[in-house]
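This is target.txt (compact mmCIF, C-alpha atoms).
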# COMPACT_ATOMS: atom_id res chain seq x y z
CA MET Y 1 60.11 105.99 58.68
CA PHE Y 2 56.39 106.14 57.80
CA SER Y 3 54.05 108.47 59.65
CA PHE Y 4 50.30 108.75 60.03
CA THR Y 5 48.10 111.78 60.49
CA ARG Y 6 44.83 109.97 61.10
CA LYS Y 7 43.27 106.68 62.16
CA MET Y 8 43.82 103.85 59.71
CA GLY Y 9 40.69 101.94 58.83
CA GLY Y 10 39.28 102.30 62.31
CA ALA Y 11 42.45 100.86 63.88
CA HIS Y 12 43.61 102.26 67.14
CA LEU Y 13 47.41 102.09 67.47
CA SER Y 14 49.19 102.25 70.78
CA GLY Y 15 52.95 102.67 71.23
CA MET Y 16 52.91 105.75 68.99
CA ARG Y 17 54.71 109.00 69.66
CA PHE Y 18 54.60 112.52 68.26
CA ALA Y 19 57.59 114.04 66.47
CA PRO Y 20 58.04 117.33 64.65
CA GLN Y 21 58.15 117.03 60.86
CA ARG Y 22 58.37 120.01 58.50
CA GLY Y 23 56.59 122.44 60.77
CA ARG Y 24 53.78 120.11 61.86
CA TYR Y 25 53.45 117.16 64.22
CA SER Y 26 52.81 113.65 63.02
CA ARG Y 27 52.54 110.34 64.72
CA MET Y 28 55.52 108.00 64.28
CA LEU Y 29 55.48 104.25 64.73
CA ASP Y 30 57.70 102.73 67.41
CA PRO Y 31 59.51 99.49 66.52
CA VAL Y 32 56.98 97.67 68.72
CA ILE Y 33 53.25 98.38 68.13
CA VAL Y 34 50.45 96.97 70.16
CA MET Y 35 47.25 96.86 68.13
CA ARG Y 36 43.75 96.75 69.37
CA LYS Y 37 40.72 96.04 67.23
CA VAL Y 38 42.70 96.12 63.97
CA ARG Y 39 40.76 95.14 60.86
CA PRO Y 40 42.39 92.53 58.60
CA ARG Y 41 43.22 94.92 55.74
CA ALA Y 42 44.70 97.45 58.16
CA SER Y 43 46.78 94.70 59.77
CA ALA Y 44 48.30 93.77 56.41
CA LEU Y 45 49.09 97.42 55.69
CA VAL Y 46 50.77 97.86 59.04
CA ALA Y 47 52.93 94.77 58.45
CA VAL Y 48 54.16 96.27 55.17
CA LEU Y 49 54.89 99.60 56.82
CA LEU Y 50 56.80 97.99 59.66
CA SER Y 51 59.04 96.09 57.28
CA GLY Y 52 60.08 99.40 55.77
CA CYS Y 53 61.09 100.78 59.17
CA VAL Y 54 63.86 98.22 59.74
CA PRO Y 55 67.20 99.34 58.21
CA ALA Y 56 69.32 96.97 56.22
CA GLY Y 57 72.62 95.71 57.54
CA ASN Y 58 73.80 94.38 60.90
CA ALA Y 59 71.67 94.95 63.95
CA VAL Y 60 72.95 97.41 66.51
CA PRO Y 61 73.10 96.37 70.18
CA GLN Y 62 69.86 98.16 70.97
CA ASP Y 63 68.06 95.90 68.50
CA ALA Y 64 68.87 92.81 70.54
CA GLY Y 65 66.22 93.47 73.14
CA THR Y 66 67.02 93.82 76.85
CA ARG Y 67 70.76 94.29 77.40
CA ALA Y 68 72.69 92.47 80.10
CA GLN Y 69 73.33 94.88 82.94
CA PRO Y 70 76.87 95.24 84.40
CA PRO Y 71 77.31 93.83 87.89
CA THR Y 72 76.93 96.22 90.77
CA GLY Y 73 77.72 96.24 94.48
CA ALA Y 74 79.43 93.16 95.86
CA ALA Y 75 79.23 91.38 92.48
CA ALA Y 76 81.13 94.23 90.82
CA SER Y 77 83.80 94.22 93.52
CA GLN Y 78 84.24 90.48 93.12
CA ALA Y 79 84.52 90.78 89.33
CA ILE Y 80 87.16 93.51 89.64
CA ALA Y 81 89.10 91.52 92.22
CA GLN Y 82 89.14 88.49 89.93
CA ALA Y 83 90.26 90.53 86.91
CA ALA Y 84 92.99 92.60 88.62
CA PRO Y 85 96.45 91.08 89.09
CA VAL Y 86 97.13 90.32 92.73
CA ALA Y 87 100.56 91.21 94.11
CA PRO Y 88 101.94 88.56 96.45
CA PRO Y 89 102.20 89.70 100.06
CA ALA Y 90 105.67 90.70 101.22
CA GLU Y 91 107.50 87.98 103.05
CA VAL Y 92 107.75 88.81 106.74
CA MET Y 93 111.12 87.82 108.15
CA ARG Y 94 111.06 84.63 110.19
CA VAL Y 95 114.75 84.16 110.93
CA PRO Y 96 117.28 86.63 112.38
CA PHE Y 97 119.15 88.98 110.07
CA GLU Y 98 122.72 90.15 110.77
CA ASP Y 99 125.04 92.58 109.02
CA ASP Y 100 128.58 93.39 110.17
CA PHE Y 101 129.21 95.51 107.05
CA GLU Y 102 132.38 93.64 106.18
CA HIS Y 103 131.28 93.75 102.57
CA GLY Y 104 129.92 96.16 100.00
CA SER Y 105 129.61 96.67 96.27
CA ALA Y 106 131.47 99.26 94.22
CA ALA Y 107 129.45 102.37 93.50
CA PRO Y 108 128.57 102.78 89.80
CA GLY Y 109 131.47 104.34 87.93
CA ARG Y 110 133.84 103.80 90.85
CA ALA Y 111 136.34 101.07 91.52
CA ALA Y 112 136.01 98.39 94.12
CA ALA Y 113 138.38 98.14 97.03
CA GLY Y 114 141.92 97.24 96.09
CA ALA Y 115 141.61 98.25 92.42
CA ASP Y 116 144.56 100.03 90.82
CA ILE Y 117 143.31 103.49 89.85
CA PRO Y 118 145.48 106.13 88.20
CA HIS Y 119 145.81 109.19 90.46
CA ASP Y 120 146.35 112.67 89.05
CA GLY Y 121 147.08 111.20 85.62
CA ALA Y 122 149.77 108.78 86.83
CA SER Y 123 149.44 105.00 86.66
CA ALA Y 124 149.36 102.85 89.76
CA GLU Y 125 152.55 101.19 88.53
CA GLY Y 126 154.26 104.59 88.65
CA GLY Y 127 154.13 104.61 92.41
CA GLU Y 128 151.11 106.87 92.87
CA ARG Y 129 148.64 105.80 95.51
CA ALA Y 130 145.31 104.50 94.16
CA ALA Y 131 142.27 106.68 94.80
CA PRO Y 132 140.13 105.42 97.70
CA SER Y 133 137.24 103.21 96.65
CA VAL Y 134 133.61 103.83 97.55
CA LEU Y 135 131.57 100.82 98.59
CA GLU Y 136 127.79 100.85 98.78
CA PRO Y 137 125.81 98.82 101.33
CA GLY Y 138 124.52 96.30 98.79
CA PRO Y 139 121.15 94.72 97.92
CA ASP Y 140 120.07 94.25 101.54
CA TRP Y 141 119.61 98.02 101.82
CA ILE Y 142 117.43 100.69 100.20
CA ALA Y 143 118.89 104.21 99.99
CA THR Y 144 116.46 107.13 99.84
CA ALA Y 145 119.07 109.39 98.23
CA PRO Y 146 122.27 108.60 96.32
CA GLY Y 147 125.81 109.24 97.48
CA ILE Y 148 125.15 109.43 101.24
CA TRP Y 149 125.58 105.95 102.71
CA HIS Y 150 128.67 103.81 102.17
CA ILE Y 151 130.85 101.14 103.74
CA GLU Y 152 133.96 102.48 105.41
CA GLY Y 153 136.39 100.35 107.40
CA GLY Y 154 133.84 97.62 107.98
CA ARG Y 155 131.13 100.02 109.15
CA LEU Y 156 128.13 101.69 107.54
CA CYS Y 157 128.64 105.46 107.51
CA GLY Y 158 126.67 108.49 106.41
CA GLU Y 159 126.97 112.25 106.63
CA HIS Y 160 124.87 115.31 105.66
CA ALA Y 161 121.88 113.04 105.02
CA ARG Y 162 119.27 115.65 105.98
CA ASN Y 163 116.95 112.82 107.07
CA HIS Y 164 117.38 110.78 103.90
CA GLY Y 165 117.98 107.46 105.55
CA LEU Y 166 118.87 103.92 104.59
CA TRP Y 167 116.22 101.21 104.99
CA LEU Y 168 116.83 97.53 105.57
CA ASN Y 169 115.27 95.49 102.76
CA ARG Y 170 113.46 93.16 105.12
CA VAL Y 171 109.86 93.13 106.36
CA LEU Y 172 109.70 93.30 110.15
CA PRO Y 173 107.10 91.39 112.12
CA VAL Y 174 105.02 93.34 114.61
CA ASN Y 175 107.31 92.19 117.42
CA ALA Y 176 111.09 92.22 117.01
CA ARG Y 177 114.38 93.00 118.76
CA ILE Y 178 116.91 95.25 116.99
CA ASP Y 179 120.53 95.59 118.17
CA PHE Y 180 123.35 97.64 116.68
CA ASP Y 181 126.43 99.69 117.58
CA ALA Y 182 126.63 103.39 116.71
CA VAL Y 183 129.16 106.19 116.96
CA SER Y 184 129.01 109.91 116.20
CA GLN Y 185 132.15 111.63 114.97
CA SER Y 186 130.87 114.98 116.28
CA PRO Y 187 130.53 116.45 119.79
CA GLU Y 188 126.94 117.24 118.77
CA GLY Y 189 125.99 113.56 118.99
CA ASP Y 190 122.72 113.21 117.05
CA ILE Y 191 122.63 109.43 116.51
CA LYS Y 192 119.37 108.55 114.80
CA ALA Y 193 117.52 105.41 113.69
CA GLU Y 194 113.96 104.49 112.62
CA TYR Y 195 111.80 101.50 113.55
CA TRP Y 196 108.65 100.10 111.98
CA GLY Y 197 108.59 102.59 109.10
CA ASP Y 198 107.52 102.12 105.48
CA GLY Y 199 110.94 101.26 104.05
CA ARG Y 200 111.01 103.97 101.38
CA SER Y 201 110.17 107.42 102.79
CA SER Y 202 112.48 110.26 103.76
CA ALA Y 203 112.12 113.90 104.76
CA THR Y 204 110.18 116.08 102.34
CA ALA Y 205 110.87 119.35 104.17
CA LEU Y 206 113.51 120.85 106.44
CA SER Y 207 111.88 119.44 109.58
CA TYR Y 208 111.18 115.72 109.75
CA THR Y 209 107.57 115.89 110.87
CA ASN Y 210 106.11 113.24 108.55
CA ALA Y 211 108.09 110.09 109.26
CA THR Y 212 106.33 106.73 109.05
CA SER Y 213 108.12 105.25 112.04
CA TYR Y 214 109.26 105.48 115.62
CA LEU Y 215 112.57 107.34 115.92
CA THR Y 216 115.33 107.22 118.49
CA ILE Y 217 117.64 110.25 118.64
CA PHE Y 218 120.58 110.04 121.01
CA GLY Y 219 122.12 113.46 121.72
CA GLY Y 220 119.76 115.37 119.46
CA TRP Y 221 119.38 119.12 119.13
CA HIS Y 222 123.09 119.84 119.67
CA ASN Y 223 123.40 117.07 122.27
CA LYS Y 224 120.65 118.48 124.51
CA PHE Y 225 118.03 115.70 124.38
CA HIS Y 226 117.62 111.96 124.04
CA VAL Y 227 114.29 111.39 122.27
CA LEU Y 228 111.87 108.62 121.40
CA ALA Y 229 109.36 110.00 118.88
CA ARG Y 230 106.40 108.71 116.90
CA ILE Y 231 106.05 110.08 113.32
CA ASN Y 232 107.01 113.66 114.28
CA GLU Y 233 110.35 114.10 116.02
CA HIS Y 234 109.30 117.64 116.97
CA GLY Y 235 105.88 116.59 118.26
CA ASN Y 236 104.52 117.36 121.71
CA ASP Y 237 103.95 113.66 122.31
CA ARG Y 238 107.61 112.69 122.03
CA GLN Y 239 109.34 111.08 124.99
CA GLU Y 240 112.54 112.90 125.99
CA ILE Y 241 115.34 113.03 128.52
CA THR Y 242 117.16 116.33 129.00
CA VAL Y 243 120.93 115.99 128.95
CA ASP Y 244 122.59 117.09 132.20
CA PRO Y 245 126.40 117.03 132.24
CA ASN Y 246 126.38 117.15 136.05
CA SER Y 247 124.01 114.24 136.55
CA ASP Y 248 125.07 110.85 137.89
CA ASP Y 249 122.28 109.19 135.91
CA PRO Y 250 123.90 107.53 132.88
CA ARG Y 251 120.73 108.14 130.86
CA GLU Y 252 121.26 111.90 131.17
CA LYS Y 253 124.83 111.90 129.87
CA ALA Y 254 125.59 113.54 126.54
CA ALA Y 255 126.76 111.51 123.56
CA VAL Y 256 130.56 111.53 123.39
CA ALA Y 257 132.26 111.96 120.02
CA GLY Y 258 134.09 108.83 118.90
CA GLN Y 259 132.54 106.62 121.59
CA SER Y 260 130.67 103.52 120.47
CA TYR Y 261 127.21 102.95 121.95
CA HIS Y 262 125.19 99.76 121.87
CA PHE Y 263 121.52 100.30 121.03
CA ARG Y 264 118.65 97.89 121.59
CA VAL Y 265 115.04 98.56 120.65
CA GLU Y 266 112.32 95.96 120.97
CA ARG Y 267 108.58 95.43 120.95
CA THR Y 268 107.17 92.25 122.46
CA ASP Y 269 103.47 92.97 122.96
CA GLY Y 270 102.57 94.78 119.74
CA LYS Y 271 102.36 98.19 121.40
CA THR Y 272 105.20 98.93 123.85
CA ILE Y 273 108.49 100.30 122.52
CA LYS Y 274 111.53 99.82 124.75
CA TRP Y 275 114.92 101.42 124.12
CA TRP Y 276 118.23 100.71 125.86
CA VAL Y 277 121.65 102.35 125.37
CA ASN Y 278 124.62 100.44 126.79
CA GLY Y 279 122.20 98.39 128.88
CA ASN Y 280 120.47 101.42 130.42
CA GLU Y 281 116.75 101.58 129.71
CA MET Y 282 116.01 104.96 128.19
CA PHE Y 283 112.26 104.55 127.64
CA SER Y 284 109.45 102.04 127.86
CA TRP Y 285 106.49 103.64 126.15
CA THR Y 286 103.11 102.14 125.24
CA ASP Y 287 101.65 103.53 122.04
CA PRO Y 288 97.82 103.82 122.14
CA ALA Y 289 97.78 103.54 118.33
CA PRO Y 290 100.71 101.23 117.49
CA LEU Y 291 102.53 101.48 114.19
CA ALA Y 292 102.32 97.98 112.73
CA GLY Y 293 101.61 96.14 109.51
CA ALA Y 294 102.02 97.31 105.92
CA GLY Y 295 103.66 100.74 105.84
CA HIS Y 296 105.07 100.25 109.33
CA ASP Y 297 107.30 97.22 108.92
CA HIS Y 298 110.89 98.28 108.20
CA PHE Y 299 114.01 99.35 110.08
CA GLY Y 300 116.44 102.04 108.96
CA PHE Y 301 119.43 104.17 109.89
CA ASN Y 302 119.21 107.94 109.56
CA ASP Y 303 121.23 111.12 110.03
CA TRP Y 304 120.83 114.88 109.94
CA ASP Y 305 124.27 116.41 109.40
CA VAL Y 306 127.08 114.91 111.50
CA LYS Y 307 129.04 111.87 110.41
CA LEU Y 308 127.60 108.68 111.92
CA CYS Y 309 128.80 105.10 111.62
CA PHE Y 310 126.86 101.92 112.45
CA ASP Y 311 127.94 98.32 112.91
CA ASN Y 312 126.96 94.84 114.11
CA LEU Y 313 123.27 95.00 113.28
CA LYS Y 314 121.10 92.11 114.39
CA VAL Y 315 117.34 91.91 113.90
CA VAL Y 316 115.48 89.08 115.64
CA PRO Y 317 111.79 88.31 115.01
CA LEU Y 318 109.81 87.80 118.19
CA PRO Y 319 106.51 85.98 118.68

Kindly present the structure from the file in structure tokens form.
Amino acid sequence: MFSFTRKMGGAHLSGMRFAPQRGRYSRMLDPVIVMRKVRPRASALVAVLLSGCVPAGNAVPQDAGTRAQPPTGAAASQAIAQAAPVAPPAEVMRVPFEDDFEHGSAAPGRAAAGADIPHDGASAEGGERAAPSVLEPGPDWIATAPGIWHIEGGRLCGEHARNHGLWLNRVLPVNARIDFDAVSQSPEGDIKAEYWGDGRSSATALSYTNATSYLTIFGGWHNKFHVLARINEHGNDRQEITVDPNSDDPREKAAVAGQSYHFRVERTDGKTIKWWVNGNEMFSWTDPAPLAGAGHDHFGFNDWDVKLCFDNLKVVPLP
């Protein structure tokens, strides 16, 4: 780059800047120079000097003049939306779904029902009884932990789940009716299910305070309460009935071990959850902030510790 320390032939050059050079300051020419009152011979000299300031080779982006600015605001959002892949929305169920659990798929590494399995080193042909098979619920269901939920005698059963439930692989509409049969094999009752949850979550701590759903718990807390809860089954906003063995009200009876109960839960107006057990209305509760839409659109069975079995599920979309 050429520099000047004085006026050139009476020319006054604008667009010049000062820069340090070997302990003194000199004026350096910018790529663009605006000249005023330049004499002809000075103009020719400046042209020669400018040609020496341009490096050989390809021009860098800054040499191309004003650069195109990236879009901002709404334009940027639109550009990003067009560039990003769009996941198709989940298909909300439009027809009823039923499962009587008279099916199942063999668990990985285990034989299906009826297979001849050697027992204690003996072959099935030798008269030994084949080891019992383990059947999993199949592709209609999403387990939140392995080895808990299985098909047993035409029913879905689980034990020691610690609030790691099983979600139905269907997207619920805002309004739906859900029917199923349930039985506890323990005098502690504790029959649990979830409604309008996210279809993938489970407990992350000892207490289930961060569910994504409504929960019904029949005979919970050692068969002391029947509870309808929202998100937090221990929350102060839960609806509950205290069990009273001496009451004539069927809603206050404890869950009986080995007895099958028919559950129905429905929402018809987008905000009111109704729960019946054996035809007796347990609760009708209107949620001021209803759980609905993405993240609140699945049904699931759950369990804490006792062995529970479920059967005859039917989910019906409602308008």

query = What is the distance between atom CA of Pro319 of chain Y and atom CA of Arg177 of chain Y, in Å to one decimal?
reply =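 Atom-to-atom, atom CA of Pro319 of chain Y and atom CA of Arg177 of chain Y are spaced 10.5 Å apart.
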
task = List every protein, DNA or RNA residue that has an atom no more than 12 Å from (108.1, 85.5, 118.9) in the file's coordinate frame, counting all atoms listed in the file, and report them as a list in words.
result =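 These residues have at least one counted atom within 12 Å: Met93, Arg94, Val95, Pro96, Leu172, Pro173, Val174, Asn175, Ala176, Arg177, Glu266, Arg267, Thr268, Asp269, Gly270, Val316, Pro317, Leu318 and Pro319 of chain Y.
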
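Of the listed residues Y:His222, Y:His164, Y:His298, Y:Arg170, the one whose atoms come nearest to Asp140 of chain Y is Y:Arg170, with distances taken using all atoms listed in the file.
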
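Counting from atom CA of Glu194 of chain Y, the distance to atom CA of Ala106 of chain Y is 25.9 Å.
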
key: For atom CA of Met282 of chain Y and atom CA of Glu252 of chain Y, the interatomic separation in Å (one decimal)   =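 Distance reported for this atom pair: 9.2 Å.
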
query = Can you tell me, as a ChimeraX atom specification, what residues are no more than 7 Å from Lys253 of chain Y when counting only C-alpha atoms, ignoring any on the same chain fewer than 6 positions away?
reply = /Y:243-245

request  = Determine the nearest neighbour of Tyr195 of chain Y from the options Y:Val183, Y:Ala294, Y:Ile273, Y:Trp221, counting only C-alpha atoms.
outcome  = Y:Ile273

ask   = Pick the closest to Trp304 of chain Y from Y:Ile217, Y:Ala90, Y:Ile151, Y:Val277: which is it, counting all atoms listed in the file?
value =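 Among the listed residues, Y:Ile217 lies closest to Trp304 of chain Y.
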
ask   = Counting only C-alpha atoms, what is within 10 Å of Arg264 of chain Y, bar same-chain residues fewer than 3 positions away, as JSON, numbers by chain?
value = {"Y": [177, 178, 179, 180, 181, 261, 274, 275, 276, 277, 278, 279, 280, 281, 313, 314, 315]}

Export, as a CSV table (one decimal), in the frame of the given file, the selected residues with C-alpha atoms.
chain,number,residue,atom,x,y,z
Y,177,ARG,CA,114.4,93.0,118.8
Y,178,ILE,CA,116.9,95.2,117.0
Y,179,ASP,CA,120.5,95.6,118.2
Y,180,PHE,CA,123.4,97.6,116.7
Y,181,ASP,CA,126.4,99.7,117.6
Y,261,TYR,CA,127.2,103.0,122.0
Y,274,LYS,CA,111.5,99.8,124.8
Y,275,TRP,CA,114.9,101.4,124.1
Y,276,TRP,CA,118.2,100.7,125.9
Y,277,VAL,CA,121.6,102.4,125.4
Y,278,ASN,CA,124.6,100.4,126.8
Y,279,GLY,CA,122.2,98.4,128.9
Y,280,ASN,CA,120.5,101.4,130.4
Y,281,GLU,CA,116.8,101.6,129.7
Y,313,LEU,CA,123.3,95.0,113.3
Y,314,LYS,CA,121.1,92.1,114.4
Y,315,VAL,CA,117.3,91.9,113.9

Distance query Asp287 of chain Y at most 9 Å, all atoms listed in the file, self and fewer than 6 positions along chain excluded, as a count of residues only = 4

For Gln239 of chain Y: contacts at 9 Å, all atoms listed in the file, fewer than 4 positions along chain excluded, given as a PDB file with C-alpha atoms, keeping the file's coordinate frame:
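Dumped everything to around.pdb:
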ATOM      1  CA  HIS Y 226     117.620 111.960 124.040  1.00  0.00           C
ATOM      2  CA  VAL Y 227     114.290 111.390 122.270  1.00  0.00           C
ATOM      3  CA  LEU Y 228     111.870 108.620 121.400  1.00  0.00           C
ATOM      4  CA  ALA Y 229     109.360 110.000 118.880  1.00  0.00           C
ATOM      5  CA  ARG Y 230     106.400 108.710 116.900  1.00  0.00           C
ATOM      6  CA  PHE Y 283     112.260 104.550 127.640  1.00  0.00           C
ATOM      7  CA  TRP Y 285     106.490 103.640 126.150  1.00  0.00           C
TER       8      TRP Y 285
END

Shell around Ser105 of chain Y at 7 Å using all atoms listed in the file, local window under 4 positions removed, as a PDB file with C-alpha atoms, keeping the file's coordinate frame:
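And here's selection.pdb as it stands now:
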ATOM      1  CA  ALA Y 112     136.010  98.390  94.120  1.00  0.00           C
ATOM      2  CA  LEU Y 135     131.570 100.820  98.590  1.00  0.00           C
ATOM      3  CA  GLU Y 136     127.790 100.850  98.780  1.00  0.00           C
ATOM      4  CA  PRO Y 137     125.810  98.820 101.330  1.00  0.00           C
ATOM      5  CA  GLY Y 138     124.520  96.300  98.790  1.00  0.00           C
TER       6      GLY Y 138
END
